[in-house]
$ cat run-v7.cif   # mmCIF, C-alpha atoms and all ligand atoms
data_upload
loop_
_atom_site.label_atom_id
_atom_site.label_comp_id
_atom_site.auth_asym_id
_atom_site.auth_seq_id
_atom_site.Cartn_x
_atom_site.Cartn_y
_atom_site.Cartn_z
CA MET A 1 -150.63 53.80 -55.28
CA ASN A 2 -150.77 50.28 -53.87
CA VAL A 3 -151.92 50.75 -50.29
CA HIS A 4 -151.64 47.82 -47.86
CA ILE A 5 -152.96 47.95 -44.31
CA PHE A 6 -151.52 45.49 -41.79
CA ASP A 7 -152.63 44.43 -38.31
CA SER A 8 -149.24 45.40 -36.91
CA LYS A 9 -146.20 47.44 -37.82
CA GLU A 10 -144.10 44.27 -37.52
CA GLN A 11 -146.05 42.69 -40.38
CA ALA A 12 -145.81 45.87 -42.46
CA SER A 13 -142.05 46.05 -41.83
CA LYS A 14 -141.57 42.46 -43.00
CA ALA A 15 -143.56 43.17 -46.16
CA GLY A 16 -141.34 46.19 -46.83
CA ALA A 17 -138.16 44.19 -46.28
CA ILE A 18 -139.41 41.57 -48.76
CA LEU A 19 -139.70 44.26 -51.46
CA PHE A 20 -136.05 45.26 -50.90
CA ALA A 21 -134.95 41.61 -50.76
CA ALA A 22 -136.76 40.87 -54.02
CA GLN A 23 -135.03 43.83 -55.64
CA LEU A 24 -131.61 42.57 -54.54
CA MET A 25 -132.35 39.02 -55.66
CA ASP A 26 -133.41 40.34 -59.05
CA ASP A 27 -130.34 42.58 -59.35
CA PRO A 28 -127.54 42.32 -56.76
CA GLU A 29 -126.09 45.59 -58.09
CA SER A 30 -129.25 47.52 -57.27
CA VAL A 31 -129.18 51.13 -56.14
CA LEU A 32 -131.14 51.33 -52.89
CA GLY A 33 -132.51 54.52 -51.36
CA PHE A 34 -132.79 54.50 -47.58
CA ALA A 35 -134.55 56.68 -45.02
CA THR A 36 -134.12 57.49 -41.35
CA GLY A 37 -136.62 58.03 -38.53
CA SER A 38 -138.03 55.46 -36.15
CA THR A 39 -140.44 53.99 -38.70
CA PRO A 40 -137.93 51.99 -40.84
CA LEU A 41 -136.27 50.31 -37.83
CA GLY A 42 -138.29 47.08 -38.06
CA LEU A 43 -137.71 46.88 -41.81
CA TYR A 44 -133.96 47.36 -41.27
CA ALA A 45 -133.89 44.64 -38.58
CA GLU A 46 -135.52 42.28 -41.07
CA LEU A 47 -133.00 43.17 -43.80
CA VAL A 48 -130.18 42.47 -41.32
CA ARG A 49 -131.71 39.06 -40.52
CA LEU A 50 -132.12 38.17 -44.20
CA ASN A 51 -128.51 39.21 -44.85
CA GLN A 52 -127.06 37.39 -41.86
CA GLU A 53 -128.94 34.23 -42.78
CA GLY A 54 -127.40 34.42 -46.26
CA ILE A 55 -130.73 34.93 -48.03
CA ILE A 56 -129.71 38.28 -49.54
CA SER A 57 -126.38 40.02 -50.09
CA PHE A 58 -125.56 43.74 -50.19
CA GLN A 59 -121.99 43.19 -51.41
CA GLU A 60 -122.65 44.66 -54.83
CA ALA A 61 -125.39 47.10 -53.88
CA THR A 62 -125.07 50.88 -53.79
CA THR A 63 -127.05 52.99 -51.31
CA PHE A 64 -128.09 56.62 -51.09
CA ASN A 65 -129.74 58.10 -48.03
CA LEU A 66 -132.48 60.65 -48.39
CA ASP A 67 -131.19 63.35 -46.13
CA GLU A 68 -128.88 64.60 -43.38
CA TYR A 69 -128.84 67.42 -40.85
CA VAL A 70 -126.55 70.34 -41.66
CA GLY A 71 -124.01 70.94 -38.91
CA LEU A 72 -123.79 67.50 -37.32
CA GLU A 73 -120.54 65.53 -37.52
CA ARG A 74 -120.85 61.98 -38.86
CA GLU A 75 -120.01 60.73 -35.37
CA HIS A 76 -122.83 62.74 -33.74
CA LYS A 77 -125.34 60.25 -32.33
CA GLU A 78 -128.24 62.05 -34.01
CA SER A 79 -126.61 62.40 -37.42
CA TYR A 80 -128.27 60.24 -40.03
CA HIS A 81 -124.85 58.88 -40.98
CA TYR A 82 -124.49 57.54 -37.45
CA PHE A 83 -128.10 56.30 -37.34
CA MET A 84 -127.73 54.30 -40.56
CA HIS A 85 -124.53 52.64 -39.42
CA GLU A 86 -125.93 51.86 -35.95
CA ASN A 87 -129.16 50.39 -37.30
CA LEU A 88 -128.24 48.89 -40.65
CA PHE A 89 -124.93 49.26 -42.44
CA SER A 90 -122.62 47.94 -39.73
CA PHE A 91 -124.56 44.64 -39.69
CA LEU A 92 -124.51 44.09 -43.46
CA ASP A 93 -121.94 42.68 -45.88
CA ILE A 94 -122.09 46.05 -47.66
CA ASP A 95 -119.08 47.81 -49.22
CA GLU A 96 -118.73 51.13 -47.34
CA GLU A 97 -117.37 52.68 -50.57
CA ARG A 98 -120.82 52.36 -52.08
CA VAL A 99 -122.71 53.81 -49.09
CA HIS A 100 -123.75 57.44 -49.53
CA VAL A 101 -125.22 59.85 -46.97
CA PRO A 102 -125.12 63.61 -47.69
CA ASP A 103 -122.28 65.34 -45.82
CA GLY A 104 -123.90 67.63 -43.26
CA MET A 105 -120.51 69.20 -42.47
CA ALA A 106 -119.79 70.26 -46.06
CA VAL A 107 -118.41 73.81 -46.13
CA ASP A 108 -120.85 74.66 -48.91
CA PRO A 109 -124.10 72.68 -48.49
CA GLU A 110 -125.43 73.76 -51.91
CA SER A 111 -122.33 72.38 -53.70
CA GLU A 112 -122.61 69.19 -51.66
CA ALA A 113 -126.24 68.90 -52.82
CA VAL A 114 -125.25 69.25 -56.49
CA TRP A 115 -122.46 66.70 -56.05
CA TYR A 116 -124.84 64.26 -54.31
CA GLU A 117 -127.40 64.52 -57.10
CA ASP A 118 -124.62 63.88 -59.66
CA MET A 119 -123.54 60.78 -57.74
CA ILE A 120 -127.08 59.40 -57.90
CA ASP A 121 -127.18 60.03 -61.65
CA GLU A 122 -123.76 58.43 -62.14
CA ALA A 123 -124.98 55.34 -60.27
CA GLY A 124 -127.79 55.08 -62.81
CA GLY A 125 -130.58 56.39 -60.57
CA ILE A 126 -132.34 54.75 -57.65
CA ASP A 127 -134.01 51.39 -58.21
CA ILE A 128 -136.05 51.33 -55.00
CA GLN A 129 -136.49 54.16 -52.52
CA LEU A 130 -137.71 53.77 -48.94
CA LEU A 131 -139.65 56.67 -47.43
CA GLY A 132 -141.22 57.55 -44.12
CA ILE A 133 -143.54 60.53 -43.79
CA GLY A 134 -143.44 63.51 -41.45
CA ILE A 135 -146.55 64.52 -39.50
CA ASN A 136 -146.75 67.55 -41.81
CA GLY A 137 -146.56 65.34 -44.93
CA HIS A 138 -142.85 65.87 -45.60
CA ILE A 139 -140.78 63.24 -47.36
CA GLY A 140 -137.04 63.32 -46.80
CA PHE A 141 -136.83 66.88 -45.51
CA ASN A 142 -139.00 68.33 -48.27
CA GLU A 143 -141.23 70.52 -46.15
CA PRO A 144 -144.70 71.88 -47.08
CA SER A 145 -144.19 74.66 -49.61
CA ASN A 146 -145.78 76.45 -52.53
CA VAL A 147 -143.75 74.41 -55.04
CA PHE A 148 -142.42 70.87 -55.31
CA SER A 149 -138.62 70.89 -55.08
CA GLN A 150 -136.53 69.30 -57.81
CA ALA A 151 -132.98 68.09 -57.06
CA THR A 152 -131.05 67.53 -53.82
CA HIS A 153 -130.81 70.84 -51.96
CA ALA A 154 -130.36 72.53 -48.59
CA VAL A 155 -133.54 73.35 -46.64
CA GLU A 156 -134.63 75.24 -43.56
CA LEU A 157 -136.60 72.90 -41.30
CA THR A 158 -140.08 73.97 -40.22
CA GLU A 159 -141.03 74.49 -36.60
CA SER A 160 -143.27 71.39 -36.77
CA THR A 161 -140.34 69.19 -37.88
CA ILE A 162 -137.98 70.69 -35.31
CA GLU A 163 -140.55 69.94 -32.62
CA ALA A 164 -141.24 66.42 -33.91
CA ASN A 165 -137.52 65.60 -34.00
CA ALA A 166 -136.67 67.23 -30.66
CA ARG A 167 -137.44 63.90 -28.94
CA PHE A 168 -134.12 62.57 -30.25
CA PHE A 169 -132.08 65.45 -28.77
CA ASN A 170 -131.51 66.61 -25.19
CA ASP A 171 -133.32 69.82 -25.95
CA LYS A 172 -135.23 71.40 -28.84
CA SER A 173 -132.51 74.06 -29.14
CA GLU A 174 -130.06 71.32 -30.17
CA VAL A 175 -132.09 70.28 -33.25
CA PRO A 176 -130.32 71.58 -36.38
CA ARG A 177 -132.27 74.23 -38.28
CA GLN A 178 -131.09 73.12 -41.72
CA ALA A 179 -130.75 69.89 -43.63
CA LEU A 180 -129.67 68.49 -46.97
CA THR A 181 -132.34 66.45 -48.69
CA MET A 182 -132.98 64.69 -51.96
CA GLY A 183 -135.54 66.79 -53.81
CA ILE A 184 -139.03 65.70 -54.75
CA GLY A 185 -137.72 65.34 -58.30
CA THR A 186 -134.93 63.03 -57.08
CA ILE A 187 -137.42 60.88 -55.18
CA MET A 188 -139.87 60.76 -58.08
CA GLY A 189 -136.99 59.58 -60.29
CA ALA A 190 -136.73 56.30 -58.35
CA MET A 191 -138.05 53.29 -60.27
CA LYS A 192 -139.97 51.99 -57.24
CA ILE A 193 -140.98 53.70 -54.01
CA VAL A 194 -141.95 52.05 -50.71
CA LEU A 195 -143.46 54.34 -48.06
CA VAL A 196 -144.02 53.12 -44.50
CA ALA A 197 -146.12 54.92 -41.87
CA PHE A 198 -147.22 53.76 -38.45
CA GLY A 199 -149.26 55.19 -35.61
CA ALA A 200 -152.19 57.55 -35.14
CA ASN A 201 -149.99 60.66 -35.31
CA LYS A 202 -149.36 59.90 -39.01
CA ALA A 203 -153.05 59.37 -39.90
CA GLU A 204 -153.70 62.98 -41.06
CA ALA A 205 -150.57 63.07 -43.24
CA VAL A 206 -151.38 59.64 -44.72
CA LYS A 207 -154.92 60.73 -45.52
CA ALA A 208 -153.68 63.93 -47.22
CA MET A 209 -151.09 61.92 -49.18
CA ILE A 210 -153.59 59.36 -50.48
CA ASP A 211 -157.02 61.01 -50.53
CA GLY A 212 -156.08 64.68 -50.83
CA PRO A 213 -155.20 66.73 -53.89
CA VAL A 214 -151.65 66.71 -55.28
CA ASP A 215 -150.44 69.80 -53.45
CA PRO A 216 -146.93 70.91 -52.37
CA GLN A 217 -148.45 71.79 -48.99
CA CYS A 218 -148.46 67.99 -48.53
CA PRO A 219 -145.21 67.03 -50.30
CA ALA A 220 -146.00 63.28 -50.12
CA SER A 221 -149.14 63.81 -52.23
CA ILE A 222 -146.92 63.97 -55.34
CA LEU A 223 -146.51 60.20 -54.97
CA GLN A 224 -150.02 59.84 -56.44
CA LEU A 225 -148.34 60.65 -59.78
CA HIS A 226 -145.65 57.94 -59.56
CA ASP A 227 -146.55 54.64 -61.20
CA ASP A 228 -144.89 52.24 -58.73
CA VAL A 229 -145.55 53.28 -55.14
CA THR A 230 -146.30 50.79 -52.36
CA VAL A 231 -147.64 52.26 -49.11
CA LEU A 232 -147.41 50.02 -46.04
CA LEU A 233 -149.51 51.11 -43.07
CA ASP A 234 -150.63 49.84 -39.71
CA GLN A 235 -154.28 50.19 -38.70
CA GLU A 236 -153.71 53.44 -36.80
CA ALA A 237 -151.93 55.23 -39.64
CA ALA A 238 -154.72 54.10 -42.01
CA SER A 239 -157.55 55.05 -39.66
CA LEU A 240 -158.66 58.22 -41.50
CA LEU A 241 -158.52 56.84 -45.05
CA LEU A 242 -161.68 56.81 -47.13
CA GLU A 243 -163.15 53.33 -47.62
C1 LIG A 301 -137.46 62.86 -40.33
C2 LIG A 301 -136.87 62.34 -41.64
C3 LIG A 301 -137.92 61.73 -42.53
C4 LIG A 301 -138.79 60.78 -41.73
C5 LIG A 301 -139.49 61.53 -40.64
C6 LIG A 301 -140.44 60.67 -39.81
O1 LIG A 301 -137.90 64.17 -40.39
N1 LIG A 301 -136.19 63.36 -42.37
O2 LIG A 301 -137.28 61.07 -43.61
O3 LIG A 301 -139.71 60.16 -42.57
O4 LIG A 301 -138.50 62.09 -39.79
O5 LIG A 301 -139.77 60.09 -38.73
P1 LIG A 301 -140.38 58.93 -37.85
O6 LIG A 301 -140.33 57.70 -38.68
O7 LIG A 301 -139.48 58.84 -36.64
O8 LIG A 301 -141.76 59.33 -37.50
#
$ encode --input "run-v7.cif" --output "structure tokens"
Amino acid sequence: MNVHIFDSKEQASKAGAILFAAQLMDDPESVLGFATGSTPLGLYAELVRLNQEGIISFQEATTFNLDEYVGLEREHKESYHYFMHENLFSFLDIDEERVHVPDGMAVDPESEAVWYEDMIDEAGGIDIQLLGIGINGHIGFNEPSNVFSQATHAVELTESTIEANARFFNDKSEVPRQALTMGIGTIMGAMKIVLVAFGANKAEAVKAMIDGPVDPQCPASILQLHDDVTVLLDQEAASLLLE
């Protein structure tokens, strides 16, 4: 793992955006994996700036998002489909036909998951995948478990995730209990991975991911076994790391 610690999350976000920009400059037809949550917002703002200034183009890129809540319409303000369009896609020169977010309203979430995984394979796999990390060490919505998941699948969210994500809803009872998520195997199949984490509330999860054993109780710890992972942290998120 290449771990970089920045003085501010703004600097870390710019560094992350540069990795995506470099990927697009190298191959305009790249397959990009995107994430939701508050952490990637600065990185997305920087990608929008680079695109609007004509430095990079998304016209030929394909994107796949990590996850989506089950039961939220695309138009729901807390759906990840809505989030991605509000914060990134609607400002880019991207072809909507090549934008993919799992369908949280699919009648059969398990079939949707299989179809989504097939789409990723048909696109040739993910060239660069962005990740945040949950306070319990989850990536995408792969929650702590006794095994590492493989392909895209439907999951029950843990109480800790429901509580952490309740801040985005009027009330905790409104947070969906289920989600569709790329599996750990899907994520590990990406050629490059960029993980961003900011703030003291991520310090324990970051420490377990980097310094702890590879253990499905901290799903992000599997990234120790990937050969091209860049971790971008601010000082607070890095505060518990071993020297
Ligand atoms: C959600 C998403 C994750 C994300 C996490 C952290 O649970 N499924 O992909 O990494 O939240 O969110 P935040 O960046 O807001 O802390």
$ closest_atom_pairs --input "run-v7.cif" --of "chain A" --to "ligand LIG 301 (chain A)" --cutoff "10 Å" --atoms "all atoms listed in the file" --output "CSV"
residue,atom,partner,partner_atom,distance
A:Phe34,CA,A:LIG301,O2,8.9
A:Ala35,CA,A:LIG301,O2,5.4
A:Thr36,CA,A:LIG301,O2,5.3
A:Gly37,CA,A:LIG301,O7,3.5
A:Ser38,CA,A:LIG301,O7,3.7
A:Thr39,CA,A:LIG301,O6,3.7
A:Pro40,CA,A:LIG301,O6,6.6
A:Leu41,CA,A:LIG301,O6,8.5
A:Asn65,CA,A:LIG301,O2,9.2
A:Leu66,CA,A:LIG301,O2,6.8
A:Asp67,CA,A:LIG301,N1,6.3
A:Glu68,CA,A:LIG301,N1,7.5
A:Tyr69,CA,A:LIG301,N1,8.5
A:Tyr80,CA,A:LIG301,N1,8.8
A:Leu130,CA,A:LIG301,O2,9.0
A:Leu131,CA,A:LIG301,O3,6.0
A:Gly132,CA,A:LIG301,O3,3.4
A:Ile133,CA,A:LIG301,O3,4.0
A:Gly134,CA,A:LIG301,C6,4.4
A:Ile135,CA,A:LIG301,C6,7.2
A:Asn136,CA,A:LIG301,C5,9.5
A:Gly137,CA,A:LIG301,O3,8.9
A:His138,CA,A:LIG301,C3,7.1
A:Ile139,CA,A:LIG301,O2,5.6
A:Gly140,CA,A:LIG301,O2,3.9
A:Phe141,CA,A:LIG301,N1,4.8
A:Asn142,CA,A:LIG301,N1,8.2
A:Glu143,CA,A:LIG301,O1,9.2
A:Leu157,CA,A:LIG301,O1,8.9
A:Ser160,CA,A:LIG301,O1,9.7
A:Thr161,CA,A:LIG301,O1,6.1
A:Ile162,CA,A:LIG301,O1,8.3
A:Ala164,CA,A:LIG301,O1,7.6
A:Asn165,CA,A:LIG301,O1,6.6
A:Arg167,CA,A:LIG301,O7,9.4
A:Phe168,CA,A:LIG301,O7,9.1
A:Ala179,CA,A:LIG301,N1,8.6
A:Leu180,CA,A:LIG301,N1,9.5
A:Thr181,CA,A:LIG301,N1,8.0
A:Leu195,CA,A:LIG301,O3,8.8
A:Val196,CA,A:LIG301,O6,8.3
A:Ala197,CA,A:LIG301,O6,7.2
A:Phe198,CA,A:LIG301,O8,7.9
A:Gly199,CA,A:LIG301,O8,8.8
A:Asn201,CA,A:LIG301,O8,8.6
A:Lys202,CA,A:LIG301,O8,7.8
$ write_last_selection --input "run-v7.cif" --atoms "C-alpha atoms" --output "PDB file, keeping the file's coordinate frame"
ATOM      1  CA  PHE A  34    -132.790  54.500 -47.580  1.00  0.00           C
ATOM      2  CA  ALA A  35    -134.550  56.680 -45.020  1.00  0.00           C
ATOM      3  CA  THR A  36    -134.120  57.490 -41.350  1.00  0.00           C
ATOM      4  CA  GLY A  37    -136.620  58.030 -38.530  1.00  0.00           C
ATOM      5  CA  SER A  38    -138.030  55.460 -36.150  1.00  0.00           C
ATOM      6  CA  THR A  39    -140.440  53.990 -38.700  1.00  0.00           C
ATOM      7  CA  PRO A  40    -137.930  51.990 -40.840  1.00  0.00           C
ATOM      8  CA  LEU A  41    -136.270  50.310 -37.830  1.00  0.00           C
ATOM      9  CA  ASN A  65    -129.740  58.100 -48.030  1.00  0.00           C
ATOM     10  CA  LEU A  66    -132.480  60.650 -48.390  1.00  0.00           C
ATOM     11  CA  ASP A  67    -131.190  63.350 -46.130  1.00  0.00           C
ATOM     12  CA  GLU A  68    -128.880  64.600 -43.380  1.00  0.00           C
ATOM     13  CA  TYR A  69    -128.840  67.420 -40.850  1.00  0.00           C
ATOM     14  CA  TYR A  80    -128.270  60.240 -40.030  1.00  0.00           C
ATOM     15  CA  LEU A 130    -137.710  53.770 -48.940  1.00  0.00           C
ATOM     16  CA  LEU A 131    -139.650  56.670 -47.430  1.00  0.00           C
ATOM     17  CA  GLY A 132    -141.220  57.550 -44.120  1.00  0.00           C
ATOM     18  CA  ILE A 133    -143.540  60.530 -43.790  1.00  0.00           C
ATOM     19  CA  GLY A 134    -143.440  63.510 -41.450  1.00  0.00           C
ATOM     20  CA  ILE A 135    -146.550  64.520 -39.500  1.00  0.00           C
ATOM     21  CA  ASN A 136    -146.750  67.550 -41.810  1.00  0.00           C
ATOM     22  CA  GLY A 137    -146.560  65.340 -44.930  1.00  0.00           C
ATOM     23  CA  HIS A 138    -142.850  65.870 -45.600  1.00  0.00           C
ATOM     24  CA  ILE A 139    -140.780  63.240 -47.360  1.00  0.00           C
ATOM     25  CA  GLY A 140    -137.040  63.320 -46.800  1.00  0.00           C
ATOM     26  CA  PHE A 141    -136.830  66.880 -45.510  1.00  0.00           C
ATOM     27  CA  ASN A 142    -139.000  68.330 -48.270  1.00  0.00           C
ATOM     28  CA  GLU A 143    -141.230  70.520 -46.150  1.00  0.00           C
ATOM     29  CA  LEU A 157    -136.600  72.900 -41.300  1.00  0.00           C
ATOM     30  CA  SER A 160    -143.270  71.390 -36.770  1.00  0.00           C
ATOM     31  CA  THR A 161    -140.340  69.190 -37.880  1.00  0.00           C
ATOM     32  CA  ILE A 162    -137.980  70.690 -35.310  1.00  0.00           C
ATOM     33  CA  ALA A 164    -141.240  66.420 -33.910  1.00  0.00           C
ATOM     34  CA  ASN A 165    -137.520  65.600 -34.000  1.00  0.00           C
ATOM     35  CA  ARG A 167    -137.440  63.900 -28.940  1.00  0.00           C
ATOM     36  CA  PHE A 168    -134.120  62.570 -30.250  1.00  0.00           C
ATOM     37  CA  ALA A 179    -130.750  69.890 -43.630  1.00  0.00           C
ATOM     38  CA  LEU A 180    -129.670  68.490 -46.970  1.00  0.00           C
ATOM     39  CA  THR A 181    -132.340  66.450 -48.690  1.00  0.00           C
ATOM     40  CA  LEU A 195    -143.460  54.340 -48.060  1.00  0.00           C
ATOM     41  CA  VAL A 196    -144.020  53.120 -44.500  1.00  0.00           C
ATOM     42  CA  ALA A 197    -146.120  54.920 -41.870  1.00  0.00           C
ATOM     43  CA  PHE A 198    -147.220  53.760 -38.450  1.00  0.00           C
ATOM     44  CA  GLY A 199    -149.260  55.190 -35.610  1.00  0.00           C
ATOM     45  CA  ASN A 201    -149.990  60.660 -35.310  1.00  0.00           C
ATOM     46  CA  LYS A 202    -149.360  59.900 -39.010  1.00  0.00           C
TER      47      LYS A 202
END
$ atom_distance --input "run-v7.cif" --atom1 "CA of Ile128 in chain A" --atom2 "CA of Cys218 in chain A"
21.8 Å
$ residues_around --input "run-v7.cif" --residues "Leu19 in chain A" --least-positions-apart "4" --cutoff "10 Å" --atoms "all atoms listed in the file" --output "list in words"
Lys14, Ala15, Gln23, Leu24, Met25, Ile128, Lys192, Ile193, Val194 and Thr230 of chain A
$ atom_distance --input "run-v7.cif" --atom1 "CA of Leu72 in chain A" --atom2 "CA of Ser145 in chain A"
24.9 Å
$ closest_atom_pairs --input "run-v7.cif" --of "range 38-69 of chain A" --to "range 89-94 of chain A" --cutoff "7 Å" --atoms "only C-alpha atoms" --output "Markdown table"
| residue | atom | partner | partner_atom | distance |
| --- | --- | --- | --- | --- |
| A:Val48 | CA | A:Phe91 | CA | 6.2 |
| A:Asn51 | CA | A:Leu92 | CA | 6.5 |
| A:Ser57 | CA | A:Asp93 | CA | 6.7 |
| A:Phe58 | CA | A:Ile94 | CA | 4.9 |
| A:Gln59 | CA | A:Ile94 | CA | 4.7 |
$ write_last_selection --input "run-v7.cif" --atoms "C-alpha atoms" --output "PDB file, in the coordinates of the input"
ATOM      1  CA  VAL A  48    -130.180  42.470 -41.320  1.00  0.00           C
ATOM      2  CA  ASN A  51    -128.510  39.210 -44.850  1.00  0.00           C
ATOM      3  CA  SER A  57    -126.380  40.020 -50.090  1.00  0.00           C
ATOM      4  CA  PHE A  58    -125.560  43.740 -50.190  1.00  0.00           C
ATOM      5  CA  GLN A  59    -121.990  43.190 -51.410  1.00  0.00           C
TER       6      GLN A  59
END
$ closest_residue --input "run-v7.cif" --among "A:Gly42, A:Asp127, A:Thr63, A:His81" --to "Ala22 in chain A" --atoms "all atoms listed in the file"
A:Asp127
$ closest_residue --input "run-v7.cif" --among "A:Gly16, A:His85, A:Leu50, A:Pro176" --to "Gln129 in chain A" --atoms "only C-alpha atoms"
A:Gly16
$ closest_residue --input "run-v7.cif" --among "A:Glu60, A:Glu78, A:Glu86, A:Glu122" --to "Ala45 in chain A" --atoms "only C-alpha atoms"
A:Glu86
$ closest_residue --input "run-v7.cif" --among "A:Tyr44, A:Thr62, A:Val231, A:Gln178" --to "Met105 in chain A" --atoms "all atoms listed in the file"
A:Gln178
$ closest_residue --input "run-v7.cif" --among "A:Ile187, A:Ala113, A:Val70, A:Val107" --to "Gly125 in chain A" --atoms "all atoms listed in the file"
A:Ile187
$ closest_residue --input "run-v7.cif" --among "A:Ala237, A:Val214, A:Ala208, A:Val175" --to "Ala12 in chain A" --atoms "all atoms listed in the file"
A:Ala237
$ residues_around --input "run-v7.cif" --residues "Gln224 in chain A" --least-positions-apart "2" --cutoff "8 Å" --atoms "all atoms listed in the file" --output "JSON, numbers by chain"
{"A": [1, 209, 210, 214, 221, 222, 226, 227]}
$ atom_distance --input "run-v7.cif" --atom1 "CA of Asp211 in chain A" --atom2 "CA of Val229 in chain A"
14.6 Å
$ residues_near_point --input "run-v7.cif" --point "(-150.9, 42.6, -39.2)" --cutoff "12 Å" --atoms "all atoms listed in the file" --output "PyMOL selection string"
chain A and resi 4-15+198+232-236
$ residues_around --input "run-v7.cif" --residues "Pro144 in chain A" --least-positions-apart "5" --cutoff "6 Å" --atoms "all atoms listed in the file" --output "number ranges by chain"
A: 216-219
$ residues_around --input "run-v7.cif" --residues "Asp121 in chain A" --least-positions-apart "3" --cutoff "12 Å" --atoms "only C-alpha atoms" --output "list of chain:residue names"
A:Val31, A:Phe64, A:Val114, A:Trp115, A:Tyr116, A:Glu117, A:Asp118, A:Gly124, A:Gly125, A:Ile126, A:Asp127, A:Ala151, A:Thr152, A:Thr186, A:Gly189, A:Ala190
